[in-house]
file final02.pdb (PDB, C-alpha atoms and all ligand atoms)
ATOM      1  CA  MET A   1       0.000   0.000   0.000  1.00  0.00           C
ATOM      2  CA  GLN A   2       1.149   3.578  -0.549  1.00  0.00           C
ATOM      3  CA  GLY A   3       0.731   6.655   1.582  1.00  0.00           C
ATOM      4  CA  TYR A   4       2.131   9.940   2.832  1.00  0.00           C
ATOM      5  CA  ILE A   5       3.545  10.275   6.328  1.00  0.00           C
ATOM      6  CA  LEU A   6       1.595  13.171   7.851  1.00  0.00           C
ATOM      7  CA  ASN A   7       2.843  12.893  11.420  1.00  0.00           C
ATOM      8  CA  ILE A   8       5.333  11.043  13.624  1.00  0.00           C
ATOM      9  CA  ASN A   9       5.168  10.856  17.424  1.00  0.00           C
ATOM     10  CA  LYS A  10       7.967   9.371  19.484  1.00  0.00           C
ATOM     11  CA  VAL A  11       6.781   7.019  22.198  1.00  0.00           C
ATOM     12  CA  LYS A  12       8.849   5.111  24.787  1.00  0.00           C
ATOM     13  CA  ASP A  13      12.492   4.771  23.768  1.00  0.00           C
ATOM     14  CA  GLU A  14      12.675   4.984  20.006  1.00  0.00           C
ATOM     15  CA  ASP A  15       9.308   3.537  19.059  1.00  0.00           C
ATOM     16  CA  LEU A  16       7.104   5.650  16.834  1.00  0.00           C
ATOM     17  CA  ILE A  17       3.428   6.266  16.209  1.00  0.00           C
ATOM     18  CA  VAL A  18       3.113   7.138  12.540  1.00  0.00           C
ATOM     19  CA  THR A  19       0.071   8.706  10.860  1.00  0.00           C
ATOM     20  CA  ILE A  20      -0.207   7.904   7.172  1.00  0.00           C
ATOM     21  CA  LEU A  21      -2.582   9.289   4.551  1.00  0.00           C
ATOM     22  CA  THR A  22      -3.607   6.621   2.031  1.00  0.00           C
ATOM     23  CA  THR A  23      -6.073   6.997  -0.830  1.00  0.00           C
ATOM     24  CA  THR A  24      -9.095   6.422   1.408  1.00  0.00           C
ATOM     25  CA  SER A  25      -8.038   6.694   5.030  1.00  0.00           C
ATOM     26  CA  LEU A  26      -5.814   8.116   7.703  1.00  0.00           C
ATOM     27  CA  LEU A  27      -3.946   5.228   9.329  1.00  0.00           C
ATOM     28  CA  THR A  28      -2.244   5.299  12.704  1.00  0.00           C
ATOM     29  CA  LEU A  29       0.461   2.649  12.894  1.00  0.00           C
ATOM     30  CA  TYR A  30       3.124   1.607  15.381  1.00  0.00           C
ATOM     31  CA  ARG A  31       6.773   1.146  14.507  1.00  0.00           C
ATOM     32  CA  PHE A  32       9.125  -0.585  16.921  1.00  0.00           C
ATOM     33  CA  TYR A  33      12.642   0.740  17.060  1.00  0.00           C
ATOM     34  CA  GLY A  34      15.120  -1.314  15.101  1.00  0.00           C
ATOM     35  CA  ALA A  35      18.412  -0.687  13.378  1.00  0.00           C
ATOM     36  CA  ARG A  36      17.211  -2.407  10.243  1.00  0.00           C
ATOM     37  CA  HIS A  37      14.438   0.135   9.706  1.00  0.00           C
ATOM     38  CA  SER A  38      14.827   2.704   6.996  1.00  0.00           C
ATOM     39  CA  ASN A  39      14.753   6.342   8.017  1.00  0.00           C
ATOM     40  CA  ILE A  40      11.353   7.984   7.881  1.00  0.00           C
ATOM     41  CA  ASN A  41      10.342  11.629   7.967  1.00  0.00           C
ATOM     42  CA  ILE A  42       7.181  13.722   7.832  1.00  0.00           C
ATOM     43  CA  GLY A  43       6.245  14.256   4.181  1.00  0.00           C
ATOM     44  CA  TYR A  44       7.761  11.057   2.822  1.00  0.00           C
ATOM     45  CA  LYS A  45       5.677   9.081   0.377  1.00  0.00           C
ATOM     46  CA  ILE A  46       6.143   5.441   1.260  1.00  0.00           C
ATOM     47  CA  ASP A  47       5.210   1.988   0.178  1.00  0.00           C
ATOM     48  CA  PHE A  48       4.436  -0.061   3.289  1.00  0.00           C
ATOM     49  CA  GLU A  49       2.532  -2.862   4.936  1.00  0.00           C
ATOM     50  CA  SER A  50       0.123  -2.559   7.814  1.00  0.00           C
ATOM     51  CA  VAL A  51       0.305  -5.724   9.931  1.00  0.00           C
ATOM     52  CA  SER A  52      -2.286  -6.326  12.633  1.00  0.00           C
ATOM     53  CA  SER A  53      -1.258  -7.993  15.846  1.00  0.00           C
ATOM     54  CA  ALA A  54      -3.276  -9.997  18.386  1.00  0.00           C
ATOM     55  CA  LYS A  55      -1.355  -8.301  21.203  1.00  0.00           C
ATOM     56  CA  SER A  56      -2.154  -4.726  20.261  1.00  0.00           C
ATOM     57  CA  THR A  57      -5.108  -2.664  19.068  1.00  0.00           C
ATOM     58  CA  ILE A  58      -2.790  -0.699  16.837  1.00  0.00           C
ATOM     59  CA  SER A  59      -1.334  -2.263  13.669  1.00  0.00           C
ATOM     60  CA  MET A  60       2.384  -2.380  12.924  1.00  0.00           C
ATOM     61  CA  LEU A  61       4.135  -0.411  10.205  1.00  0.00           C
ATOM     62  CA  ARG A  62       6.304  -2.824   8.210  1.00  0.00           C
ATOM     63  CA  ASN A  63       8.402  -3.067   5.044  1.00  0.00           C
ATOM     64  CA  VAL A  64       8.720   0.666   4.472  1.00  0.00           C
ATOM     65  CA  LEU A  65      10.146   1.839   1.175  1.00  0.00           C
ATOM     66  CA  HIS A  66      10.689   5.579   0.649  1.00  0.00           C
ATOM     67  CA  LEU A  67       9.374   6.757  -2.720  1.00  0.00           C
ATOM     68  CA  GLY A  68      11.546   9.863  -2.853  1.00  0.00           C
ATOM     69  CA  ASP A  69      12.076  12.619  -5.382  1.00  0.00           C
ATOM     70  CA  SER A  70      15.324  14.462  -6.070  1.00  0.00           C
ATOM     71  CA  TRP A  71      13.760  17.806  -5.016  1.00  0.00           C
ATOM     72  CA  MET A  72      13.370  16.420  -1.499  1.00  0.00           C
ATOM     73  CA  ASN A  73      17.116  16.969  -1.077  1.00  0.00           C
ATOM     74  CA  GLU A  74      16.594  20.708  -1.576  1.00  0.00           C
ATOM     75  CA  PRO A  75      16.072  22.118   1.938  1.00  0.00           C
ATOM     76  CA  ARG A  76      13.895  25.058   0.842  1.00  0.00           C
ATOM     77  CA  ARG A  77      11.462  22.901  -1.148  1.00  0.00           C
ATOM     78  CA  PHE A  78      11.353  20.193   1.466  1.00  0.00           C
ATOM     79  CA  PHE A  79      10.675  22.772   4.198  1.00  0.00           C
ATOM     80  CA  VAL A  80       7.641  24.192   2.327  1.00  0.00           C
ATOM     81  CA  TRP A  81       6.429  20.640   1.626  1.00  0.00           C
ATOM     82  CA  GLN A  82       6.655  19.679   5.291  1.00  0.00           C
ATOM     83  CA  GLN A  83       4.862  22.869   6.374  1.00  0.00           C
ATOM     84  CA  PHE A  84       2.008  22.053   4.003  1.00  0.00           C
ATOM     85  CA  ILE A  85       1.880  18.429   5.227  1.00  0.00           C
ATOM     86  CA  LYS A  86       1.812  19.510   8.889  1.00  0.00           C
ATOM     87  CA  LEU A  87      -1.093  21.875   8.209  1.00  0.00           C
ATOM     88  CA  LEU A  88      -2.913  19.107   6.360  1.00  0.00           C
ATOM     89  CA  PHE A  89      -2.387  16.760   9.304  1.00  0.00           C
ATOM     90  CA  LYS A  90      -3.914  19.255  11.753  1.00  0.00           C
ATOM     91  CA  HIS A  91      -6.831  19.654   9.386  1.00  0.00           C
ATOM     92  CA  LEU A  92      -7.484  15.915   8.915  1.00  0.00           C
ATOM     93  CA  ARG A  93      -6.302  14.475  12.222  1.00  0.00           C
ATOM     94  CA  ASP A  94      -9.727  13.454  13.542  1.00  0.00           C
ATOM     95  CA  VAL A  95     -10.931  11.888  10.317  1.00  0.00           C
ATOM     96  CA  GLU A  96     -10.595   8.181   9.555  1.00  0.00           C
ATOM     97  CA  LYS A  97     -12.299   7.648   6.214  1.00  0.00           C
ATOM     98  CA  LEU A  98     -11.384  10.040   3.450  1.00  0.00           C
ATOM     99  CA  ASP A  99     -12.092  10.717  -0.165  1.00  0.00           C
ATOM    100  CA  SER A 100      -9.120  10.147  -2.489  1.00  0.00           C
ATOM    101  CA  PHE A 101      -8.982  13.925  -3.136  1.00  0.00           C
ATOM    102  CA  TYR A 102      -6.313  14.545  -0.478  1.00  0.00           C
ATOM    103  CA  PHE A 103      -4.003  11.725  -1.585  1.00  0.00           C
ATOM    104  CA  GLU A 104      -4.325  12.785  -5.214  1.00  0.00           C
ATOM    105  CA  LEU A 105      -3.724  16.425  -4.310  1.00  0.00           C
ATOM    106  CA  LEU A 106      -0.430  15.466  -2.627  1.00  0.00           C
ATOM    107  CA  ASN A 107       0.525  13.402  -5.687  1.00  0.00           C
ATOM    108  CA  GLU A 108      -0.032  16.468  -7.870  1.00  0.00           C
ATOM    109  CA  ILE A 109       1.860  18.783  -5.536  1.00  0.00           C
ATOM    110  CA  LYS A 110       4.769  16.350  -5.313  1.00  0.00           C
ATOM    111  CA  GLN A 111       5.119  16.403  -9.105  1.00  0.00           C
ATOM    112  CA  LYS A 112       4.798  20.191  -9.375  1.00  0.00           C
ATOM    113  CA  PHE A 113       7.392  20.786  -6.644  1.00  0.00           C
ATOM    114  CA  ALA A 114      10.089  19.401  -8.936  1.00  0.00           C
ATOM    115  CA  LYS A 115       9.764  22.334 -11.336  1.00  0.00           C
ATOM    116  CA  GLN A 116       7.640  25.135  -9.912  1.00  0.00           C
ATOM    117  CA  ASN A 117       7.978  27.683  -7.121  1.00  0.00           C
ATOM    118  CA  PRO A 118       6.869  25.660  -4.063  1.00  0.00           C
ATOM    119  CA  ILE A 119       5.157  28.624  -2.370  1.00  0.00           C
ATOM    120  CA  ARG A 120       2.987  29.208  -5.441  1.00  0.00           C
ATOM    121  CA  VAL A 121       2.148  25.516  -5.686  1.00  0.00           C
ATOM    122  CA  ALA A 122       1.180  25.468  -1.979  1.00  0.00           C
ATOM    123  CA  VAL A 123      -1.118  28.511  -2.300  1.00  0.00           C
ATOM    124  CA  GLU A 124      -2.759  27.192  -5.486  1.00  0.00           C
ATOM    125  CA  SER A 125      -3.249  23.721  -3.987  1.00  0.00           C
ATOM    126  CA  TYR A 126      -4.790  25.194  -0.859  1.00  0.00           C
ATOM    127  CA  VAL A 127      -7.348  27.050  -2.997  1.00  0.00           C
ATOM    128  CA  GLN A 128      -8.170  23.712  -4.668  1.00  0.00           C
ATOM    129  CA  LEU A 129      -8.669  22.169  -1.222  1.00  0.00           C
ATOM    130  CA  LEU A 130     -10.964  25.001  -0.075  1.00  0.00           C
ATOM    131  CA  SER A 131     -12.959  24.693  -3.270  1.00  0.00           C
ATOM    132  CA  TYR A 132     -13.270  20.910  -2.881  1.00  0.00           C
ATOM    133  CA  GLU A 133     -14.463  21.301   0.714  1.00  0.00           C
ATOM    134  CA  GLY A 134     -16.960  24.012  -0.262  1.00  0.00           C
ATOM    135  CA  ARG A 135     -15.146  26.583   1.883  1.00  0.00           C
ATOM    136  CA  LEU A 136     -13.881  28.924  -0.820  1.00  0.00           C
ATOM    137  CA  HIS A 137     -15.595  32.274  -0.256  1.00  0.00           C
ATOM    138  CA  ASP A 138     -15.488  33.443  -3.865  1.00  0.00           C
ATOM    139  CA  ASP A 139     -18.636  35.522  -3.320  1.00  0.00           C
ATOM    140  CA  PHE A 140     -16.410  38.043  -1.455  1.00  0.00           C
ATOM    141  CA  VAL A 141     -18.924  38.587   1.325  1.00  0.00           C
ATOM    142  CA  CYS A 142     -17.183  40.049   4.372  1.00  0.00           C
ATOM    143  CA  LEU A 143     -16.592  37.614   7.205  1.00  0.00           C
ATOM    144  CA  ILE A 144     -17.483  40.256   9.800  1.00  0.00           C
ATOM    145  CA  CYS A 145     -20.274  42.514   8.473  1.00  0.00           C
ATOM    146  CA  GLU A 146     -21.612  40.160   5.765  1.00  0.00           C
ATOM    147  CA  GLU A 147     -21.637  42.941   3.158  1.00  0.00           C
ATOM    148  CA  LEU A 148     -19.993  42.533  -0.245  1.00  0.00           C
ATOM    149  CA  VAL A 149     -16.329  43.583  -0.334  1.00  0.00           C
ATOM    150  CA  THR A 150     -15.880  45.806  -3.392  1.00  0.00           C
ATOM    151  CA  SER A 151     -12.629  47.540  -2.460  1.00  0.00           C
ATOM    152  CA  GLU A 152      -9.910  47.385   0.205  1.00  0.00           C
ATOM    153  CA  LEU A 153     -10.120  43.617   0.426  1.00  0.00           C
ATOM    154  CA  VAL A 154      -8.334  41.850   3.264  1.00  0.00           C
ATOM    155  CA  ILE A 155      -7.823  38.075   3.263  1.00  0.00           C
ATOM    156  CA  THR A 156      -7.735  36.326   6.631  1.00  0.00           C
ATOM    157  CA  ARG A 157      -7.238  32.779   7.913  1.00  0.00           C
ATOM    158  CA  SER A 158      -8.757  30.115   5.628  1.00  0.00           C
ATOM    159  CA  PHE A 159      -8.606  32.789   2.894  1.00  0.00           C
ATOM    160  CA  LEU A 160     -11.799  34.395   4.177  1.00  0.00           C
ATOM    161  CA  PRO A 161     -12.537  37.830   2.691  1.00  0.00           C
ATOM    162  CA  ALA A 162     -13.190  40.911   4.818  1.00  0.00           C
ATOM    163  CA  HIS A 163     -13.196  44.698   4.609  1.00  0.00           C
ATOM    164  CA  LYS A 164     -10.100  46.589   5.662  1.00  0.00           C
ATOM    165  CA  GLY A 165     -12.316  48.493   8.112  1.00  0.00           C
ATOM    166  CA  CYS A 166     -13.724  45.275   9.626  1.00  0.00           C
ATOM    167  CA  ILE A 167     -10.568  43.326  10.432  1.00  0.00           C
ATOM    168  CA  PHE A 168      -6.842  43.811  10.835  1.00  0.00           C
ATOM    169  CA  GLY A 169      -4.774  42.886   7.818  1.00  0.00           C
ATOM    170  CA  GLU A 170      -3.057  44.042   4.656  1.00  0.00           C
ATOM    171  CA  ILE A 171      -5.062  45.055   1.601  1.00  0.00           C
ATOM    172  CA  VAL A 172      -4.815  42.717  -1.395  1.00  0.00           C
ATOM    173  CA  ASP A 173      -5.803  43.301  -5.013  1.00  0.00           C
ATOM    174  CA  LYS A 174      -9.345  41.984  -5.378  1.00  0.00           C
ATOM    175  CA  ALA A 175      -9.135  41.304  -9.133  1.00  0.00           C
ATOM    176  CA  LYS A 176      -6.037  39.177  -8.595  1.00  0.00           C
ATOM    177  CA  ILE A 177      -7.628  37.228  -5.740  1.00  0.00           C
ATOM    178  CA  GLU A 178     -10.738  36.657  -7.868  1.00  0.00           C
ATOM    179  CA  GLU A 179      -8.485  35.219 -10.569  1.00  0.00           C
ATOM    180  CA  LEU A 180      -6.779  32.995  -7.984  1.00  0.00           C
ATOM    181  CA  PHE A 181     -10.106  31.731  -6.603  1.00  0.00           C
ATOM    182  CA  LEU A 182     -11.535  31.138 -10.060  1.00  0.00           C
ATOM    183  CA  ASN A 183      -8.587  29.310 -11.641  1.00  0.00           C
ATOM    184  CA  SER A 184      -6.455  28.159  -8.672  1.00  0.00           C
ATOM    185  CA  SER A 185      -3.649  30.079 -10.349  1.00  0.00           C
ATOM    186  CA  THR A 186      -1.195  32.620  -8.929  1.00  0.00           C
ATOM    187  CA  ILE A 187       0.003  33.688 -12.359  1.00  0.00           C
ATOM    188  CA  ASN A 188      -1.130  37.325 -11.907  1.00  0.00           C
ATOM    189  CA  LEU A 189       0.216  37.648  -8.368  1.00  0.00           C
ATOM    190  CA  ASP A 190       3.745  38.887  -7.769  1.00  0.00           C
ATOM    191  CA  ASP A 191       6.102  37.103  -5.361  1.00  0.00           C
ATOM    192  CA  ASP A 192       5.347  39.500  -2.470  1.00  0.00           C
ATOM    193  CA  GLU A 193       1.613  38.893  -2.830  1.00  0.00           C
ATOM    194  CA  VAL A 194       2.133  35.137  -2.933  1.00  0.00           C
ATOM    195  CA  ASP A 195       4.342  35.351   0.174  1.00  0.00           C
ATOM    196  CA  LYS A 196       1.556  37.205   2.018  1.00  0.00           C
ATOM    197  CA  LEU A 197      -0.928  34.458   1.134  1.00  0.00           C
ATOM    198  CA  TRP A 198       1.561  31.788   2.205  1.00  0.00           C
ATOM    199  CA  LYS A 199       1.845  33.493   5.611  1.00  0.00           C
ATOM    200  CA  ILE A 200      -1.950  33.525   5.984  1.00  0.00           C
ATOM    201  CA  LEU A 201      -2.078  29.870   4.914  1.00  0.00           C
ATOM    202  CA  GLN A 202       0.343  28.959   7.695  1.00  0.00           C
ATOM    203  CA  GLU A 203      -2.158  30.193  10.287  1.00  0.00           C
ATOM    204  CA  GLY A 204      -4.053  26.989   9.543  1.00  0.00           C
ATOM    205  CA  PHE A 205      -6.307  25.323   6.987  1.00  0.00           C
TER
HETATM  206 ZN    ZN A 301     -17.015  44.064   6.527  1.00  0.00          ZN
END
call {"tool": "encode", "arguments": {"input": "final02.pdb", "output": "structure tokens", "more": "lines below"}}
Ligand SMILES: [Zn+2]
result
Amino acid sequence: MQGYILNINKVKDEDLIVTILTTTSLLTLYRFYGARHSNINIGYKIDFESVSSAKSTISMLRNVLHLGDSWMNEPRRFFVWQQFIKLLFKHLRDVEKLDSFYFELLNEIKQKFAKQNPIRVAVESYVQLLSYEGRLHDDFVCLICEELVTSELVITRSFLPAHKGCIFGEIVDKAKIEELFLNSSTINLDDDEVDKLWKILQEGF
């Protein structure tokens, strides 16, 4: 089976509790410490086996093979990737059954990271996620006063729109954000604008 490691918790000694996103579920597996084990890290895509045991309610993580990409050796790209994965974990942590959307989204991001600016890919992918979950507020109704935002748009956590006068935050270009929400594309945003959105994204999904 294949999956993405979303989280790792150390338990007694060197044993680990590992949370893995597969196509349809979020698995929590146990890995005993052992010198023969391959190294694992948050964000790795792995091929693995889940082995149930009569002694424990939690299944064992076995036969791990890291399905790496060369870009994962680039610290900057890998850092952005791990940030995105950690946010995704917080967002999905209480879910067991999942639609394949999340697994497929990570597959897409993993491919794009090889060639594209990782910050742009992260922002665009997050818009796709909001749209999929029906949380993309592309009607531009203000989060606070519930009136339409026509100018002086501010984007807050979860990319929620608001008026500059209603909430603290920096003004963003509404036409550009409309384009982003419509096409999941940052093509019309400059690097500073994308960086601002990345900062907002890191407040949480
Ligand atoms: Zn308002």
call {"tool": "closest_residue", "arguments": {"input": "final02.pdb", "among": "A:Glu152, A:Glu133, A:Asp192, A:Glu170", "to": "ligand ZN 301 (chain A)", "atoms": "only C-alpha atoms and all ligand atoms"}}
result
A:Glu152
call {"tool": "residues_near_ligand", "arguments": {"input": "final02.pdb", "ligand": "ligand ZN 301 (chain A)", "cutoff": "9 Å", "atoms": "only C-alpha atoms and all ligand atoms", "output": "PyMOL selection string"}}
result
chain A and resi 141-149+161-167
call {"tool": "resolve_selection", "arguments": {"input": "final02.pdb", "expression": "the PyMOL selection byres (((chain A and resi 171-184) around 6) and not hetatm)", "output": "count of residues only"}}
result
8
call {"tool": "resolve_selection", "arguments": {"input": "final02.pdb", "expression": "the PyMOL selection byres (((chain A and resi 99-104) around 6) and not hetatm)", "output": "PyMOL selection string"}}
result
chain A and resi 23-24+98+105-107
call {"tool": "closest_atom_pairs", "arguments": {"input": "final02.pdb", "of": "region 25-72 of chain A", "to": "region 4-13 of chain A", "cutoff": "10 Å", "atoms": "only C-alpha atoms", "output": "tab-separated table"}}
result
residue	atom	partner	partner_atom	distance
A:Leu26	CA	A:Leu6	CA	9.0
A:Leu27	CA	A:Ile5	CA	9.5
A:Thr28	CA	A:Asn7	CA	9.2
A:Leu29	CA	A:Ile8	CA	9.7
A:Tyr30	CA	A:Val11	CA	9.4
A:Arg31	CA	A:Val11	CA	9.7
A:Phe32	CA	A:Asp13	CA	9.3
A:Tyr33	CA	A:Asp13	CA	7.8
A:Ile40	CA	A:Ile5	CA	8.3
A:Asn41	CA	A:Ile5	CA	7.1
A:Ile42	CA	A:Ile5	CA	5.2
A:Gly43	CA	A:Ile5	CA	5.3
A:Tyr44	CA	A:Ile5	CA	5.5
A:Lys45	CA	A:Tyr4	CA	4.4
A:Ile46	CA	A:Tyr4	CA	6.2
A:Asp47	CA	A:Tyr4	CA	8.9
A:His66	CA	A:Tyr4	CA	9.9
A:Leu67	CA	A:Tyr4	CA	9.7
call {"tool": "atom_distance", "arguments": {"input": "final02.pdb", "atom1": "CA of Ile119 (chain A)", "atom2": "CA of Leu65 (chain A)"}}
result
27.5 Å
call {"tool": "atom_distance", "arguments": {"input": "final02.pdb", "atom1": "CA of Gln2 (chain A)", "atom2": "CA of Pro118 (chain A)"}}
result
23.1 Å
call {"tool": "axis_aligned_box", "arguments": {"input": "final02.pdb", "around": "region 88-97 of chain A", "padding_each_side": "6 Å", "output": "AutoDock Vina command-line options"}}
result
--center_x -7.3 --center_y 13.7 --center_z 9.9 --size_x 21.9 --size_y 24.0 --size_z 19.3
call {"tool": "closest_residue", "arguments": {"input": "final02.pdb", "among": "A:Leu189, A:Leu21, A:Met1, A:Leu16", "to": "Arg120 (chain A)", "atoms": "only C-alpha atoms"}}
result
A:Leu189
call {"tool": "atom_distance", "arguments": {"input": "final02.pdb", "atom1": "CA of Phe113 (chain A)", "atom2": "CA of Arg157 (chain A)"}}
result
23.9 Å
call {"tool": "closest_residue", "arguments": {"input": "final02.pdb", "among": "A:Thr57, A:Asn73, A:Asn117, A:Gln111", "to": "Val194 (chain A)", "atoms": "only C-alpha atoms"}}
result
A:Asn117
call {"tool": "closest_residue", "arguments": {"input": "final02.pdb", "among": "A:Ser59, A:Phe84, A:Ile155, A:Phe48", "to": "Tyr126 (chain A)", "atoms": "all atoms listed in the file"}}
result
A:Phe84
call {"tool": "closest_residue", "arguments": {"input": "final02.pdb", "among": "A:Glu96, A:Gln82, A:Leu87, A:His37", "to": "Asn63 (chain A)", "atoms": "all atoms listed in the file"}}
result
A:His37
call {"tool": "closest_residue", "arguments": {"input": "final02.pdb", "among": "A:Asn39, A:Val95, A:Gly34, A:Ala114", "to": "Met72 (chain A)", "atoms": "all atoms listed in the file"}}
result
A:Ala114
call {"tool": "resolve_selection", "arguments": {"input": "final02.pdb", "expression": "the PyMOL selection byres (((chain A and resi 200) around 10) and not hetatm)", "output": "list in words"}}
result
Val123, Ile155, Thr156, Arg157, Ser158, Phe159, Gly169, Val194, Asp195, Lys196, Leu197, Trp198, Lys199, Leu201, Gln202, Glu203, Gly204 and Phe205 of chain A
call {"tool": "decode", "arguments": {"input": "final02.pdb", "residues": "region 37-57 of chain A", "atoms": "N, CA and C atoms", "output": "PDB file, in the first residue's frame"}}
result
ATOM      1  N   HIS A  37      15.465  -0.713  10.321  1.00  0.00           N
ATOM      2  CA  HIS A  37      14.438   0.135   9.706  1.00  0.00           C
ATOM      3  C   HIS A  37      15.052   1.246   8.877  1.00  0.00           C
ATOM      4  N   SER A  38      14.389   1.545   7.771  1.00  0.00           N
ATOM      5  CA  SER A  38      14.827   2.704   6.996  1.00  0.00           C
ATOM      6  C   SER A  38      14.366   3.971   7.711  1.00  0.00           C
ATOM      7  N   ASN A  39      15.075   5.043   7.441  1.00  0.00           N
ATOM      8  CA  ASN A  39      14.753   6.342   8.017  1.00  0.00           C
ATOM      9  C   ASN A  39      13.391   6.813   7.501  1.00  0.00           C
ATOM     10  N   ILE A  40      12.592   7.377   8.375  1.00  0.00           N
ATOM     11  CA  ILE A  40      11.353   7.984   7.881  1.00  0.00           C
ATOM     12  C   ILE A  40      11.250   9.423   8.374  1.00  0.00           C
ATOM     13  N   ASN A  41      10.470  10.211   7.647  1.00  0.00           N
ATOM     14  CA  ASN A  41      10.342  11.629   7.967  1.00  0.00           C
ATOM     15  C   ASN A  41       8.938  12.098   7.559  1.00  0.00           C
ATOM     16  N   ILE A  42       8.473  13.141   8.208  1.00  0.00           N
ATOM     17  CA  ILE A  42       7.181  13.722   7.832  1.00  0.00           C
ATOM     18  C   ILE A  42       7.272  14.210   6.386  1.00  0.00           C
ATOM     19  N   GLY A  43       6.277  13.846   5.580  1.00  0.00           N
ATOM     20  CA  GLY A  43       6.245  14.256   4.181  1.00  0.00           C
ATOM     21  C   GLY A  43       6.698  13.179   3.212  1.00  0.00           C
ATOM     22  N   TYR A  44       7.321  12.129   3.726  1.00  0.00           N
ATOM     23  CA  TYR A  44       7.761  11.057   2.822  1.00  0.00           C
ATOM     24  C   TYR A  44       6.556  10.328   2.243  1.00  0.00           C
ATOM     25  N   LYS A  45       6.637  10.022   0.953  1.00  0.00           N
ATOM     26  CA  LYS A  45       5.677   9.081   0.377  1.00  0.00           C
ATOM     27  C   LYS A  45       6.313   7.700   0.494  1.00  0.00           C
ATOM     28  N   ILE A  46       5.563   6.767   1.030  1.00  0.00           N
ATOM     29  CA  ILE A  46       6.143   5.441   1.260  1.00  0.00           C
ATOM     30  C   ILE A  46       5.248   4.330   0.710  1.00  0.00           C
ATOM     31  N   ASP A  47       5.902   3.238   0.405  1.00  0.00           N
ATOM     32  CA  ASP A  47       5.210   1.988   0.178  1.00  0.00           C
ATOM     33  C   ASP A  47       5.387   1.201   1.479  1.00  0.00           C
ATOM     34  N   PHE A  48       4.336   0.566   1.968  1.00  0.00           N
ATOM     35  CA  PHE A  48       4.436  -0.061   3.289  1.00  0.00           C
ATOM     36  C   PHE A  48       3.392  -1.161   3.456  1.00  0.00           C
ATOM     37  N   GLU A  49       3.551  -1.880   4.553  1.00  0.00           N
ATOM     38  CA  GLU A  49       2.532  -2.862   4.936  1.00  0.00           C
ATOM     39  C   GLU A  49       2.027  -2.512   6.320  1.00  0.00           C
ATOM     40  N   SER A  50       0.733  -2.719   6.508  1.00  0.00           N
ATOM     41  CA  SER A  50       0.123  -2.559   7.814  1.00  0.00           C
ATOM     42  C   SER A  50      -0.204  -3.964   8.319  1.00  0.00           C
ATOM     43  N   VAL A  51       0.446  -4.358   9.432  1.00  0.00           N
ATOM     44  CA  VAL A  51       0.305  -5.724   9.931  1.00  0.00           C
ATOM     45  C   VAL A  51      -0.400  -5.691  11.281  1.00  0.00           C
ATOM     46  N   SER A  52      -1.560  -6.338  11.356  1.00  0.00           N
ATOM     47  CA  SER A  52      -2.286  -6.326  12.633  1.00  0.00           C
ATOM     48  C   SER A  52      -1.709  -7.390  13.567  1.00  0.00           C
ATOM     49  N   SER A  53      -1.836  -7.099  14.853  1.00  0.00           N
ATOM     50  CA  SER A  53      -1.258  -7.993  15.846  1.00  0.00           C
ATOM     51  C   SER A  53      -2.310  -8.325  16.893  1.00  0.00           C
ATOM     52  N   ALA A  54      -2.297  -9.571  17.375  1.00  0.00           N
ATOM     53  CA  ALA A  54      -3.276  -9.997  18.386  1.00  0.00           C
ATOM     54  C   ALA A  54      -3.017  -9.284  19.713  1.00  0.00           C
ATOM     55  N   LYS A  55      -1.752  -8.882  19.914  1.00  0.00           N
ATOM     56  CA  LYS A  55      -1.355  -8.301  21.203  1.00  0.00           C
ATOM     57  C   LYS A  55      -1.721  -6.824  21.337  1.00  0.00           C
ATOM     58  N   SER A  56      -1.988  -6.179  20.216  1.00  0.00           N
ATOM     59  CA  SER A  56      -2.154  -4.726  20.261  1.00  0.00           C
ATOM     60  C   SER A  56      -3.362  -4.284  19.420  1.00  0.00           C
ATOM     61  N   THR A  57      -3.984  -3.190  19.846  1.00  0.00           N
ATOM     62  CA  THR A  57      -5.108  -2.664  19.068  1.00  0.00           C
ATOM     63  C   THR A  57      -4.604  -1.878  17.860  1.00  0.00           C
TER      64      THR A  57
END
